[in-house]
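Below is one structure, written out as structure tokens, with a few remarks after it.
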Amino acid sequence: MKFVSIVGARPQFVKLAPVSRALRRYHEEVIVHTGQHYDERLSGTFFSELGISAPDYNLGVGSGLHGAQTGEILAAIERVLLEVRPNGVIVFGDTNSTLAGALAAVKLHIPVAHVEAGLRSFDRRMPEEVNRVVTDHISARLFCPTRIACENAEHEGLAARVELVGDVMYDVLRQMEPQINARAATLLPSLTITPGGYALTTIHRAANTDDPVVMSQLIEGLNSLAMPVIFPVHPRTRKLLDQYGIALAAHVQAIEPVGYLDMLTLQRFAHRVVTDSGGVQKEAFLLGVPCITLRDTTEWVETVAVGWNVLVGSDPAALRMAFQRPAPAPVPPEANPYGDGAASEKIALSLRRWSGEL
Ligand code: UD1
Ligand code: UDP
């Protein structure tokens, strides 16, 4: 059977890597890159580092307002799908590329499988939440990473399409994990940091970057931490920090976005991870590093339930307090809510069974 995988933004390349590898054992795959992310450090580097086949199509859509970006992706994907005529389309996560890809396919009566389905923050002001809800409702197969994600979808009447497979980001993390120690030996000294002697932070969420007051509070919090902070800066955030004229303290080291292995390495040896990223909250937990999340809600609720993640919003005092918390008790592997690291294989096999019905 022939599937089209649609990706466009950094976290989707990470998710595509293990799924594509498993999928290609049983199916033909055509990769479409929408071009939502286009900087080498946010895009190309992930394809080479994670051994993903070069995209068969790059739609080159680029940045823009939500309507324009989503609309352009929709129109461009429709043309590709009419040409390729796949049996099914696979979309990942919750970006504008996810929504546009699913919508283009379903309008052409091509069934859609959603990888990382069922997640909810229950905050409809997040663009990602709207993308998740709509994508789930127009998808024929919902591959959920966790039991709670399945339940969310079931509560919305989607039970017949739901399948619990585990988290594909855990698959790729496990595949890369053996390389972390060797990479740390050169990466940490190059940043003049030591294991456990720094915090790692990322910020890019619209609610945190688009409001100068919120962004100032977040940076005030980081500036007040008594420890070096490594800050790989998303281009959106760099642009707005410059625009607002917000300065980082000397101990906060802004660097370019890093590759995937470097990001895992920096997380693994951090004293604390401080982030508003979805994927990073989960990776910190899977790597055994306490996370502090710069949001009021999260869709990765399991990390909070087991005590490895604390939500502090944008309050600098709450950040400092969370920073003092001791590390919680380890979660045994059999209680890992994100599965066993074999989600991609389950997805590929499920698509094989499903393709018999298409
Ligand atoms: C997008 C996703 C978000 C995801 C994030 C991962 C949506 C609505 N948002 O947010 O869910 O968590 O990707 O990183 O889909 N830019 C560059 N170079 C690039 C890409 C972007 O400079 O290669 C800058 C542009 O100024 C652009 C801004 O970043 O306007 C935002 O990019 P965009 O893709 O719209 O959203 P993200 O914030 O990256
Ligand atoms: N990531 C990376 N380099 C960076 C920042 C993030 O490789 O400089 C990885 C991170 O480890 C995770 C994914 O990108 O696998 C998360 O992407 P992001 O935070 O951009 O998006 P979100 O998960 O919030 O949608």
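Residues in the structure tokens are named by chain (A, B, ... in the order shown) and by number from 1 within that chain; ligands are numbered from 1 in the order shown.
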
May I have the residues within 7 Å of ligand 1, computed using only C-alpha atoms and all ligand atoms, as a PDB file with all heavy atoms, in the first residue's frame?
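New file selection_25.pdb:
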```pdb
ATOM      1  N   ALA A   9       7.317  20.747  10.546  1.00  0.00           N
ATOM      2  CA  ALA A   9       7.981  21.475  11.636  1.00  0.00           C
ATOM      3  C   ALA A   9       8.880  20.527  12.431  1.00  0.00           C
ATOM      4  O   ALA A   9       8.658  19.312  12.445  1.00  0.00           O
ATOM      5  CB  ALA A   9       6.936  22.109  12.556  1.00  0.00           C
ATOM      6  N   ARG A  10       9.856  21.121  13.129  1.00  0.00           N
ATOM      7  CA  ARG A  10      10.900  20.360  13.835  1.00  0.00           C
ATOM      8  C   ARG A  10      10.405  19.109  14.579  1.00  0.00           C
ATOM      9  O   ARG A  10      10.945  18.015  14.362  1.00  0.00           O
ATOM     10  CB  ARG A  10      11.647  21.301  14.791  1.00  0.00           C
ATOM     11  CG  ARG A  10      12.656  20.621  15.675  1.00  0.00           C
ATOM     12  CD  ARG A  10      13.541  21.627  16.385  1.00  0.00           C
ATOM     13  NE  ARG A  10      12.809  22.477  17.305  1.00  0.00           N
ATOM     14  CZ  ARG A  10      13.352  23.537  17.928  1.00  0.00           C
ATOM     15  NH1 ARG A  10      14.606  23.871  17.701  1.00  0.00           N
ATOM     16  NH2 ARG A  10      12.641  24.252  18.766  1.00  0.00           N
ATOM     17  N   PRO A  11       9.408  19.217  15.468  1.00  0.00           N
ATOM     18  CA  PRO A  11       9.051  18.007  16.224  1.00  0.00           C
ATOM     19  C   PRO A  11       8.495  16.902  15.328  1.00  0.00           C
ATOM     20  O   PRO A  11       8.553  15.719  15.686  1.00  0.00           O
ATOM     21  CB  PRO A  11       7.975  18.514  17.203  1.00  0.00           C
ATOM     22  CG  PRO A  11       7.463  19.785  16.605  1.00  0.00           C
ATOM     23  CD  PRO A  11       8.626  20.384  15.864  1.00  0.00           C
ATOM     24  N   GLN A  36       7.007  24.415   6.323  1.00  0.00           N
ATOM     25  CA  GLN A  36       6.664  25.318   7.445  1.00  0.00           C
ATOM     26  C   GLN A  36       7.929  25.748   8.173  1.00  0.00           C
ATOM     27  O   GLN A  36       8.105  26.914   8.497  1.00  0.00           O
ATOM     28  CB  GLN A  36       5.684  24.630   8.398  1.00  0.00           C
ATOM     29  CG  GLN A  36       5.325  25.523   9.589  1.00  0.00           C
ATOM     30  CD  GLN A  36       4.226  24.964  10.476  1.00  0.00           C
ATOM     31  OE1 GLN A  36       3.533  24.014  10.110  1.00  0.00           O
ATOM     32  NE2 GLN A  36       4.055  25.565  11.643  1.00  0.00           N
ATOM     33  N   HIS A  37       8.821  24.802   8.484  1.00  0.00           N
ATOM     34  CA  HIS A  37      10.163  25.129   8.979  1.00  0.00           C
ATOM     35  C   HIS A  37      11.135  24.909   7.826  1.00  0.00           C
ATOM     36  O   HIS A  37      11.042  23.907   7.112  1.00  0.00           O
ATOM     37  CB  HIS A  37      10.538  24.259  10.176  1.00  0.00           C
ATOM     38  CG  HIS A  37       9.847  24.708  11.440  1.00  0.00           C
ATOM     39  ND1 HIS A  37      10.019  24.086  12.651  1.00  0.00           N
ATOM     40  CD2 HIS A  37       8.989  25.742  11.677  1.00  0.00           C
ATOM     41  CE1 HIS A  37       9.289  24.707  13.583  1.00  0.00           C
ATOM     42  NE2 HIS A  37       8.651  25.710  13.015  1.00  0.00           N
ATOM     43  N   TYR A  38      12.064  25.835   7.664  1.00  0.00           N
ATOM     44  CA  TYR A  38      12.937  25.835   6.495  1.00  0.00           C
ATOM     45  C   TYR A  38      14.393  26.100   6.859  1.00  0.00           C
ATOM     46  O   TYR A  38      15.296  25.768   6.115  1.00  0.00           O
ATOM     47  CB  TYR A  38      12.455  26.879   5.474  1.00  0.00           C
ATOM     48  CG  TYR A  38      12.041  28.173   6.148  1.00  0.00           C
ATOM     49  CD1 TYR A  38      12.952  29.181   6.428  1.00  0.00           C
ATOM     50  CD2 TYR A  38      10.715  28.349   6.566  1.00  0.00           C
ATOM     51  CE1 TYR A  38      12.561  30.337   7.092  1.00  0.00           C
ATOM     52  CE2 TYR A  38      10.328  29.505   7.231  1.00  0.00           C
ATOM     53  CZ  TYR A  38      11.252  30.498   7.497  1.00  0.00           C
ATOM     54  OH  TYR A  38      10.873  31.624   8.168  1.00  0.00           O
ATOM     55  N   ASP A  39      14.674  26.699   8.029  1.00  0.00           N
ATOM     56  CA  ASP A  39      16.073  26.891   8.435  1.00  0.00           C
ATOM     57  C   ASP A  39      16.729  25.524   8.557  1.00  0.00           C
ATOM     58  O   ASP A  39      16.112  24.593   9.094  1.00  0.00           O
ATOM     59  CB  ASP A  39      16.160  27.586   9.806  1.00  0.00           C
ATOM     60  CG  ASP A  39      15.807  29.060   9.743  1.00  0.00           C
ATOM     61  OD1 ASP A  39      15.595  29.581   8.626  1.00  0.00           O
ATOM     62  OD2 ASP A  39      15.726  29.689  10.818  1.00  0.00           O
ATOM     63  N   LEU A  42      16.464  23.851  11.861  1.00  0.00           N
ATOM     64  CA  LEU A  42      15.141  23.406  12.301  1.00  0.00           C
ATOM     65  C   LEU A  42      14.598  22.300  11.410  1.00  0.00           C
ATOM     66  O   LEU A  42      13.546  21.724  11.702  1.00  0.00           O
ATOM     67  CB  LEU A  42      14.145  24.582  12.269  1.00  0.00           C
ATOM     68  CG  LEU A  42      13.807  25.244  13.609  1.00  0.00           C
ATOM     69  CD1 LEU A  42      15.030  25.864  14.216  1.00  0.00           C
ATOM     70  CD2 LEU A  42      12.717  26.290  13.432  1.00  0.00           C
ATOM     71  N   SER A  43      15.295  22.049  10.298  1.00  0.00           N
ATOM     72  CA  SER A  43      14.718  21.123   9.325  1.00  0.00           C
ATOM     73  C   SER A  43      15.745  20.146   8.773  1.00  0.00           C
ATOM     74  O   SER A  43      15.828  19.009   9.234  1.00  0.00           O
ATOM     75  CB  SER A  43      14.079  21.950   8.197  1.00  0.00           C
ATOM     76  OG  SER A  43      13.640  21.134   7.170  1.00  0.00           O
ATOM     77  N   GLY A  62       6.719  28.013   3.905  1.00  0.00           N
ATOM     78  CA  GLY A  62       7.347  29.036   4.752  1.00  0.00           C
ATOM     79  C   GLY A  62       6.427  29.604   5.817  1.00  0.00           C
ATOM     80  O   GLY A  62       5.387  29.027   6.142  1.00  0.00           O
ATOM     81  N   SER A  63       6.829  30.762   6.362  1.00  0.00           N
ATOM     82  CA  SER A  63       6.120  31.359   7.501  1.00  0.00           C
ATOM     83  C   SER A  63       4.953  32.229   7.032  1.00  0.00           C
ATOM     84  O   SER A  63       4.924  32.677   5.888  1.00  0.00           O
ATOM     85  CB  SER A  63       7.083  32.213   8.315  1.00  0.00           C
ATOM     86  OG  SER A  63       8.214  31.464   8.686  1.00  0.00           O
ATOM     87  N   GLY A  64       4.037  32.492   7.962  1.00  0.00           N
ATOM     88  CA  GLY A  64       2.914  33.372   7.647  1.00  0.00           C
ATOM     89  C   GLY A  64       1.887  33.340   8.755  1.00  0.00           C
ATOM     90  O   GLY A  64       2.028  32.584   9.720  1.00  0.00           O
ATOM     91  N   HIS A  66      -1.656  32.398  10.535  1.00  0.00           N
ATOM     92  CA  HIS A  66      -2.237  31.050  10.578  1.00  0.00           C
ATOM     93  C   HIS A  66      -3.073  30.722   9.338  1.00  0.00           C
ATOM     94  O   HIS A  66      -2.910  29.663   8.743  1.00  0.00           O
ATOM     95  CB  HIS A  66      -3.097  30.882  11.828  1.00  0.00           C
ATOM     96  CG  HIS A  66      -2.272  30.686  13.051  1.00  0.00           C
ATOM     97  ND1 HIS A  66      -1.792  29.468  13.436  1.00  0.00           N
ATOM     98  CD2 HIS A  66      -1.817  31.579  13.955  1.00  0.00           C
ATOM     99  CE1 HIS A  66      -1.075  29.610  14.541  1.00  0.00           C
ATOM    100  NE2 HIS A  66      -1.075  30.887  14.876  1.00  0.00           N
ATOM    101  N   ASP A  94       0.560  18.275  16.000  1.00  0.00           N
ATOM    102  CA  ASP A  94      -0.477  19.303  16.164  1.00  0.00           C
ATOM    103  C   ASP A  94      -0.149  20.645  15.527  1.00  0.00           C
ATOM    104  O   ASP A  94      -0.600  21.687  15.997  1.00  0.00           O
ATOM    105  CB  ASP A  94      -0.717  19.517  17.665  1.00  0.00           C
ATOM    106  CG  ASP A  94       0.569  19.861  18.412  1.00  0.00           C
ATOM    107  OD1 ASP A  94       1.556  20.226  17.752  1.00  0.00           O
ATOM    108  OD2 ASP A  94       0.579  19.755  19.661  1.00  0.00           O
ATOM    109  N   THR A  95       0.650  20.642  14.474  1.00  0.00           N
ATOM    110  CA  THR A  95       0.997  21.936  13.866  1.00  0.00           C
ATOM    111  C   THR A  95       0.016  22.290  12.748  1.00  0.00           C
ATOM    112  O   THR A  95      -0.849  21.494  12.379  1.00  0.00           O
ATOM    113  CB  THR A  95       2.421  21.907  13.263  1.00  0.00           C
ATOM    114  OG1 THR A  95       2.375  21.123  12.071  1.00  0.00           O
ATOM    115  CG2 THR A  95       3.436  21.318  14.242  1.00  0.00           C
ATOM    116  N   ASN A  96       0.223  23.475  12.165  1.00  0.00           N
ATOM    117  CA  ASN A  96      -0.618  23.856  11.027  1.00  0.00           C
ATOM    118  C   ASN A  96      -0.434  22.891   9.862  1.00  0.00           C
ATOM    119  O   ASN A  96      -1.366  22.658   9.090  1.00  0.00           O
ATOM    120  CB  ASN A  96      -0.279  25.293  10.597  1.00  0.00           C
ATOM    121  CG  ASN A  96      -0.786  26.315  11.612  1.00  0.00           C
ATOM    122  OD1 ASN A  96      -1.591  25.990  12.487  1.00  0.00           O
ATOM    123  ND2 ASN A  96      -0.325  27.548  11.497  1.00  0.00           N
ATOM    124  N   SER A  97       0.753  22.309   9.737  1.00  0.00           N
ATOM    125  CA  SER A  97       0.985  21.310   8.681  1.00  0.00           C
ATOM    126  C   SER A  97       0.143  20.058   8.916  1.00  0.00           C
ATOM    127  O   SER A  97      -0.326  19.420   7.965  1.00  0.00           O
ATOM    128  CB  SER A  97       2.466  20.913   8.633  1.00  0.00           C
ATOM    129  OG  SER A  97       3.263  22.013   8.270  1.00  0.00           O
ATOM    130  N   PRO A 127      -3.078  27.482  19.431  1.00  0.00           N
ATOM    131  CA  PRO A 127      -3.345  27.033  18.058  1.00  0.00           C
ATOM    132  C   PRO A 127      -3.218  25.524  17.923  1.00  0.00           C
ATOM    133  O   PRO A 127      -3.967  24.890  17.170  1.00  0.00           O
ATOM    134  CB  PRO A 127      -2.278  27.756  17.219  1.00  0.00           C
ATOM    135  CG  PRO A 127      -1.289  28.330  18.184  1.00  0.00           C
ATOM    136  CD  PRO A 127      -1.973  28.454  19.509  1.00  0.00           C
ATOM    137  N   GLU A 128      -2.301  24.936  18.698  1.00  0.00           N
ATOM    138  CA  GLU A 128      -2.080  23.486  18.599  1.00  0.00           C
ATOM    139  C   GLU A 128      -3.304  22.698  19.059  1.00  0.00           C
ATOM    140  O   GLU A 128      -3.573  21.617  18.542  1.00  0.00           O
ATOM    141  CB  GLU A 128      -0.862  23.064  19.439  1.00  0.00           C
ATOM    142  CG  GLU A 128       0.474  23.588  18.947  1.00  0.00           C
ATOM    143  CD  GLU A 128       0.783  25.011  19.418  1.00  0.00           C
ATOM    144  OE1 GLU A 128      -0.051  25.612  20.144  1.00  0.00           O
ATOM    145  OE2 GLU A 128       1.853  25.525  19.057  1.00  0.00           O
ATOM    146  N   HIS A 204       9.200  28.778  22.971  1.00  0.00           N
ATOM    147  CA  HIS A 204       8.747  29.203  21.634  1.00  0.00           C
ATOM    148  C   HIS A 204       7.236  29.303  21.518  1.00  0.00           C
ATOM    149  O   HIS A 204       6.718  29.723  20.488  1.00  0.00           O
ATOM    150  CB  HIS A 204       9.266  28.244  20.556  1.00  0.00           C
ATOM    151  CG  HIS A 204       8.569  26.908  20.570  1.00  0.00           C
ATOM    152  ND1 HIS A 204       8.982  25.877  21.377  1.00  0.00           N
ATOM    153  CD2 HIS A 204       7.491  26.440  19.904  1.00  0.00           C
ATOM    154  CE1 HIS A 204       8.189  24.825  21.185  1.00  0.00           C
ATOM    155  NE2 HIS A 204       7.268  25.148  20.302  1.00  0.00           N
ATOM    156  N   ARG A 205       6.518  28.905  22.558  1.00  0.00           N
ATOM    157  CA  ARG A 205       5.058  28.868  22.497  1.00  0.00           C
ATOM    158  C   ARG A 205       4.493  30.272  22.231  1.00  0.00           C
ATOM    159  O   ARG A 205       4.982  31.248  22.830  1.00  0.00           O
ATOM    160  CB  ARG A 205       4.585  28.347  23.854  1.00  0.00           C
ATOM    161  CG  ARG A 205       3.301  27.646  23.954  1.00  0.00           C
ATOM    162  CD  ARG A 205       3.063  26.538  23.032  1.00  0.00           C
ATOM    163  NE  ARG A 205       3.914  25.380  23.203  1.00  0.00           N
ATOM    164  CZ  ARG A 205       4.073  24.444  22.259  1.00  0.00           C
ATOM    165  NH1 ARG A 205       3.455  24.525  21.108  1.00  0.00           N
ATOM    166  NH2 ARG A 205       4.847  23.411  22.473  1.00  0.00           N
ATOM    167  N   ALA A 206       3.494  30.376  21.369  1.00  0.00           N
ATOM    168  CA  ALA A 206       2.930  31.690  21.004  1.00  0.00           C
ATOM    169  C   ALA A 206       2.508  32.484  22.241  1.00  0.00           C
ATOM    170  O   ALA A 206       2.795  33.678  22.345  1.00  0.00           O
ATOM    171  CB  ALA A 206       1.746  31.492  20.065  1.00  0.00           C
ATOM    172  N   PRO A 235      14.010  30.499  16.343  1.00  0.00           N
ATOM    173  CA  PRO A 235      14.076  31.770  15.596  1.00  0.00           C
ATOM    174  C   PRO A 235      12.916  32.723  15.910  1.00  0.00           C
ATOM    175  O   PRO A 235      13.097  33.940  15.905  1.00  0.00           O
ATOM    176  CB  PRO A 235      14.052  31.340  14.126  1.00  0.00           C
ATOM    177  CG  PRO A 235      13.739  29.894  14.108  1.00  0.00           C
ATOM    178  CD  PRO A 235      14.070  29.331  15.453  1.00  0.00           C
ATOM    179  N   ARG A 236      11.770  32.166  16.192  1.00  0.00           N
ATOM    180  CA  ARG A 236      10.626  33.012  16.558  1.00  0.00           C
ATOM    181  C   ARG A 236      10.952  33.831  17.810  1.00  0.00           C
ATOM    182  O   ARG A 236      10.703  35.030  17.894  1.00  0.00           O
ATOM    183  CB  ARG A 236       9.431  32.091  16.838  1.00  0.00           C
ATOM    184  CG  ARG A 236       8.248  32.766  17.450  1.00  0.00           C
ATOM    185  CD  ARG A 236       7.248  31.733  18.011  1.00  0.00           C
ATOM    186  NE  ARG A 236       5.978  32.370  18.182  1.00  0.00           N
ATOM    187  CZ  ARG A 236       4.905  32.169  17.427  1.00  0.00           C
ATOM    188  NH1 ARG A 236       4.944  31.283  16.457  1.00  0.00           N
ATOM    189  NH2 ARG A 236       3.804  32.831  17.631  1.00  0.00           N
ATOM    190  N   LYS A 239      13.783  36.499  17.321  1.00  0.00           N
ATOM    191  CA  LYS A 239      13.258  37.692  16.637  1.00  0.00           C
ATOM    192  C   LYS A 239      12.526  38.598  17.638  1.00  0.00           C
ATOM    193  O   LYS A 239      12.731  39.808  17.676  1.00  0.00           O
ATOM    194  CB  LYS A 239      12.295  37.220  15.529  1.00  0.00           C
ATOM    195  CG  LYS A 239      11.979  38.255  14.489  1.00  0.00           C
ATOM    196  CD  LYS A 239      11.190  37.651  13.336  1.00  0.00           C
ATOM    197  CE  LYS A 239       9.711  37.566  13.663  1.00  0.00           C
ATOM    198  NZ  LYS A 239       8.887  36.984  12.611  1.00  0.00           N
ATOM    199  N   SER A 277       8.025  23.665  25.597  1.00  0.00           N
ATOM    200  CA  SER A 277       7.871  22.704  24.497  1.00  0.00           C
ATOM    201  C   SER A 277       7.084  21.487  24.954  1.00  0.00           C
ATOM    202  O   SER A 277       7.249  21.021  26.090  1.00  0.00           O
ATOM    203  CB  SER A 277       9.270  22.253  24.049  1.00  0.00           C
ATOM    204  OG  SER A 277       9.211  21.017  23.363  1.00  0.00           O
ATOM    205  N   GLY A 278       6.287  20.934  24.062  1.00  0.00           N
ATOM    206  CA  GLY A 278       5.584  19.695  24.375  1.00  0.00           C
ATOM    207  C   GLY A 278       6.559  18.532  24.442  1.00  0.00           C
ATOM    208  O   GLY A 278       6.667  17.826  25.449  1.00  0.00           O
TER     209      GLY A 278
END
```

- Message: Within 10 Å of ligand 2 (counting only C-alpha atoms and all ligand atoms), which residues show up? I'd like them as a ChimeraX atom specification.
- Response: /A:9-15,37,41-43,45-46,93-95,128,169-170,172-173,201-205,231-234,255-267,275-284

- Where in segment 60-139 of chain A does DSSP assign strand (DSSP E or B), given as a PyMOL selection string? chain A and resi 88-92+112-115

- Query: What lies within 10 Å of Glu302 of chain A using only C-alpha atoms, ignoring chain neighbours under 6 positions off, as a list in words?
  - Reply: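 So the residues in contact are Thr146, Arg147, Ile148, Lys282, Phe285, Trp308, Asn309, Asn336, Pro337 and Tyr338 of chain A.
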
Restricting the output to N, CA and C atoms, write the selected residues as a tab-separated table (two decimals), in the first residue's frame.
```tsv
chain	number	residue	atom	x	y	z
A	146	THR	N	-0.82	7.53	24.78
A	146	THR	CA	-1.07	7.15	26.19
A	146	THR	C	-2.53	6.74	26.38
A	147	ARG	N	-2.78	6.10	27.51
A	147	ARG	CA	-4.13	5.71	27.89
A	147	ARG	C	-5.03	6.95	28.02
A	148	ILE	N	-4.49	8.00	28.62
A	148	ILE	CA	-5.30	9.22	28.80
A	148	ILE	C	-5.66	9.84	27.45
A	282	LYS	N	8.33	15.83	27.79
A	282	LYS	CA	8.27	14.36	27.82
A	282	LYS	C	9.66	13.76	27.78
A	285	PHE	N	11.39	13.84	31.16
A	285	PHE	CA	10.91	12.74	32.00
A	285	PHE	C	11.56	11.42	31.59
A	308	TRP	N	7.29	14.48	37.99
A	308	TRP	CA	8.52	14.86	37.27
A	308	TRP	C	8.39	16.16	36.50
A	309	ASN	N	7.20	16.77	36.56
A	309	ASN	CA	6.98	18.01	35.82
A	309	ASN	C	6.11	18.92	36.68
A	336	ASN	N	5.99	3.14	32.96
A	336	ASN	CA	6.20	4.25	32.02
A	336	ASN	C	4.90	4.48	31.22
A	337	PRO	N	4.29	5.65	31.34
A	337	PRO	CA	3.03	5.87	30.63
A	337	PRO	C	3.20	6.01	29.12
A	338	TYR	N	4.45	6.10	28.64
A	338	TYR	CA	4.67	6.34	27.21
A	338	TYR	C	5.00	5.08	26.42
```

- Which of these residues is nearest to Ala100 of chain A, using only C-alpha atoms: A:Thr209, A:Gln69, A:Gln217, A:Thr293? A:Gln69

- Message: Would you compute the distance between atom CA of Leu319 of chain A and atom CA of Ser121 of chain A? Give it in Å to one decimal.
- Response: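 Separation between atom CA of Leu319 of chain A and atom CA of Ser121 of chain A: 20.5 Å.
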
- Of A:Gly221, A:Gly51, A:Pro228, A:Pro290, the one sitting nearest Ser20 of chain A when using only C-alpha atoms is A:Gly51
